[in-house]
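Input: a single structure, listed below in structure tokens.
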Amino acid sequence: MTLHDTYNDENIFAQILRGEMPCAKVYEDAGTLVIMDAFPQSRGHCLIIPRGPSINLLHVKPKDIGRLFGTVQRVAQAVETALKPDGIVVTQFNGAPAGQTVFHTHVHVIPRYEGQALGGHGGEMANMDELQTLAQQIRNELEK
């Protein structure tokens, strides 16, 4: 998929936003949805998804960028407090050549733990019960 292809409203994140697919929800507001990555690279890997349809960051409405990254910062802070990682990676891919696999804009917040290698992007599916537990821990921090 190129940087300027047409948005496909059947992508997995659009389906999750419509409530058609399950997810481990961390947080939501009028502009964003935060979920646990079902294929995490690390324990606590979250995805921040803007509600508006856009295939990548180049297509997000300027007024929505601040909201999106405000949520990214809040989630990173909550992940730090809840899970005590040694570092946090914030990343976002634009286009298949850059590593994007779901063509709805999203930002990754990936906790890093000293001595633990990252899993592959889109690697092994996590246990849903564990994801729900992690989502609750992070949500507890967001609600403070």
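Just remember, in the structure tokens the first chain shown is A, the second B, etc., residues are 1-based per chain, and ligands are 1-based in the order shown.
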
Do you know which residues are at most 6 Å from range 16-24 of chain A counting only C-alpha atoms, after dropping those on the same chain fewer than 6 positions away, and could you put them as a PDB file with N, CA and C atoms, in the first residue's frame?
ATOM      1  N   ILE A  35      -5.814   0.637  22.727  1.00  0.00           N
ATOM      2  CA  ILE A  35      -5.975  -0.798  22.941  1.00  0.00           C
ATOM      3  C   ILE A  35      -4.608  -1.428  23.177  1.00  0.00           C
ATOM      4  N   MET A  36      -4.634  -2.623  23.749  1.00  0.00           N
ATOM      5  CA  MET A  36      -3.418  -3.410  23.839  1.00  0.00           C
ATOM      6  C   MET A  36      -3.174  -4.041  22.473  1.00  0.00           C
ATOM      7  N   GLN A 132      -6.017  -8.165  28.947  1.00  0.00           N
ATOM      8  CA  GLN A 132      -7.060  -7.482  29.722  1.00  0.00           C
ATOM      9  C   GLN A 132      -6.510  -7.038  31.079  1.00  0.00           C
TER      10      GLN A 132
END

- Which of these, A:His104, A:Ile110, A:Lys63, A:Gly115, has the shortest distance to Gln41 in chain A once you count only C-alpha atoms? A:Ile110

- Message: Run DSSP on the backbone and tell me which residues of chain A come out as strand (DSSP E or B); list them as a list of chain:residue names.
- Response: A:Lys25, A:Val26, A:Tyr27, A:Glu28, A:Thr32, A:Leu33, A:Val34, A:Ile35, A:Met36, A:Cys46, A:Leu47, A:Ile48, A:Ile49, A:Pro50, A:Gly87, A:Ile88, A:Val89, A:Val90, A:Thr91, A:Val107, A:His108, A:Val109, A:Ile110, A:Pro111, A:Arg112

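When the distance limit is 9 Å and only C-alpha atoms are what count, the residues near Gly44 in chain A, minus those fewer than 3 positions from it on the same chain, are Met36, Asp37, Pro40, Gln41, Val79, Leu83, Val109, Ile110, Pro111, Leu131, Leu134, Ala135 and Ile138 of chain A.
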
With N, CA and C atoms retained, export the selected residues as an mmCIF file, in the first residue's frame.
data_model
loop_
_atom_site.group_PDB
_atom_site.id
_atom_site.type_symbol
_atom_site.label_atom_id
_atom_site.label_comp_id
_atom_site.auth_asym_id
_atom_site.auth_seq_id
_atom_site.Cartn_x
_atom_site.Cartn_y
_atom_site.Cartn_z
ATOM 1 N N MET A 36 -4.634 -2.623 23.749
ATOM 2 C CA MET A 36 -3.418 -3.410 23.839
ATOM 3 C C MET A 36 -3.174 -4.041 22.473
ATOM 4 N N ASP A 37 -1.929 -4.066 22.037
ATOM 5 C CA ASP A 37 -1.596 -4.724 20.771
ATOM 6 C C ASP A 37 -1.782 -6.229 20.962
ATOM 7 N N PRO A 40 1.857 -8.241 20.612
ATOM 8 C CA PRO A 40 2.788 -7.291 21.233
ATOM 9 C C PRO A 40 4.256 -7.631 21.000
ATOM 10 N N GLN A 41 5.032 -6.560 20.910
ATOM 11 C CA GLN A 41 6.479 -6.715 20.825
ATOM 12 C C GLN A 41 7.096 -6.763 22.219
ATOM 13 N N VAL A 79 1.794 3.898 31.255
ATOM 14 C CA VAL A 79 2.555 2.654 31.092
ATOM 15 C C VAL A 79 3.780 2.683 32.007
ATOM 16 N N LEU A 83 3.727 -0.184 34.799
ATOM 17 C CA LEU A 83 4.532 -1.358 34.472
ATOM 18 C C LEU A 83 6.012 -1.216 34.790
ATOM 19 N N VAL A 109 3.065 2.476 21.567
ATOM 20 C CA VAL A 109 3.786 2.771 22.805
ATOM 21 C C VAL A 109 4.268 1.409 23.304
ATOM 22 N N ILE A 110 5.592 1.221 23.252
ATOM 23 C CA ILE A 110 6.178 -0.092 23.527
ATOM 24 C C ILE A 110 7.134 0.001 24.710
ATOM 25 N N PRO A 111 6.750 -0.568 25.859
ATOM 26 C CA PRO A 111 7.673 -0.586 26.990
ATOM 27 C C PRO A 111 8.897 -1.451 26.673
ATOM 28 N N LEU A 131 -3.725 -9.664 28.328
ATOM 29 C CA LEU A 131 -3.893 -8.317 27.762
ATOM 30 C C LEU A 131 -4.935 -7.524 28.549
ATOM 31 N N LEU A 134 -3.314 -6.332 31.798
ATOM 32 C CA LEU A 134 -2.419 -5.197 31.537
ATOM 33 C C LEU A 134 -3.222 -3.941 31.218
ATOM 34 N N ALA A 135 -4.283 -4.082 30.422
ATOM 35 C CA ALA A 135 -5.130 -2.930 30.087
ATOM 36 C C ALA A 135 -5.691 -2.303 31.362
ATOM 37 N N ILE A 138 -2.981 -0.297 33.283
ATOM 38 C CA ILE A 138 -2.702 0.990 32.628
ATOM 39 C C ILE A 138 -3.894 1.930 32.784
#

- When distances are computed from only C-alpha atoms, which of A:Tyr27, A:Tyr7, A:Phe39, A:Phe69 shows the smallest separation from Asn56 in chain A?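 Nearest candidate to Asn56 in chain A out of A:Tyr27, A:Tyr7, A:Phe39, A:Phe69: A:Tyr7.
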
- Item | Closest of A:Ala78, A:Leu47, A:Ala126, A:Val34 to Gln92 in chain A - atom-to-atom distances counting only C-alpha atoms |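 Selected residue with least distance to Gln92 in chain A: A:Leu47.
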
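Among the candidates A:Lys84, A:Arg139, A:Lys25, A:Arg112, the residue lying nearest to Ala38 in chain A is A:Lys25 (atoms considered: only C-alpha atoms).
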
- Item | Contacts of Gln100 in chain A at 12 Å (only C-alpha atoms; same-chain gap of 2+ positions) as a VMD selection string | chain A and resid 1 to 3 55 to 57 91 to 98 102 to 108 121 to 122
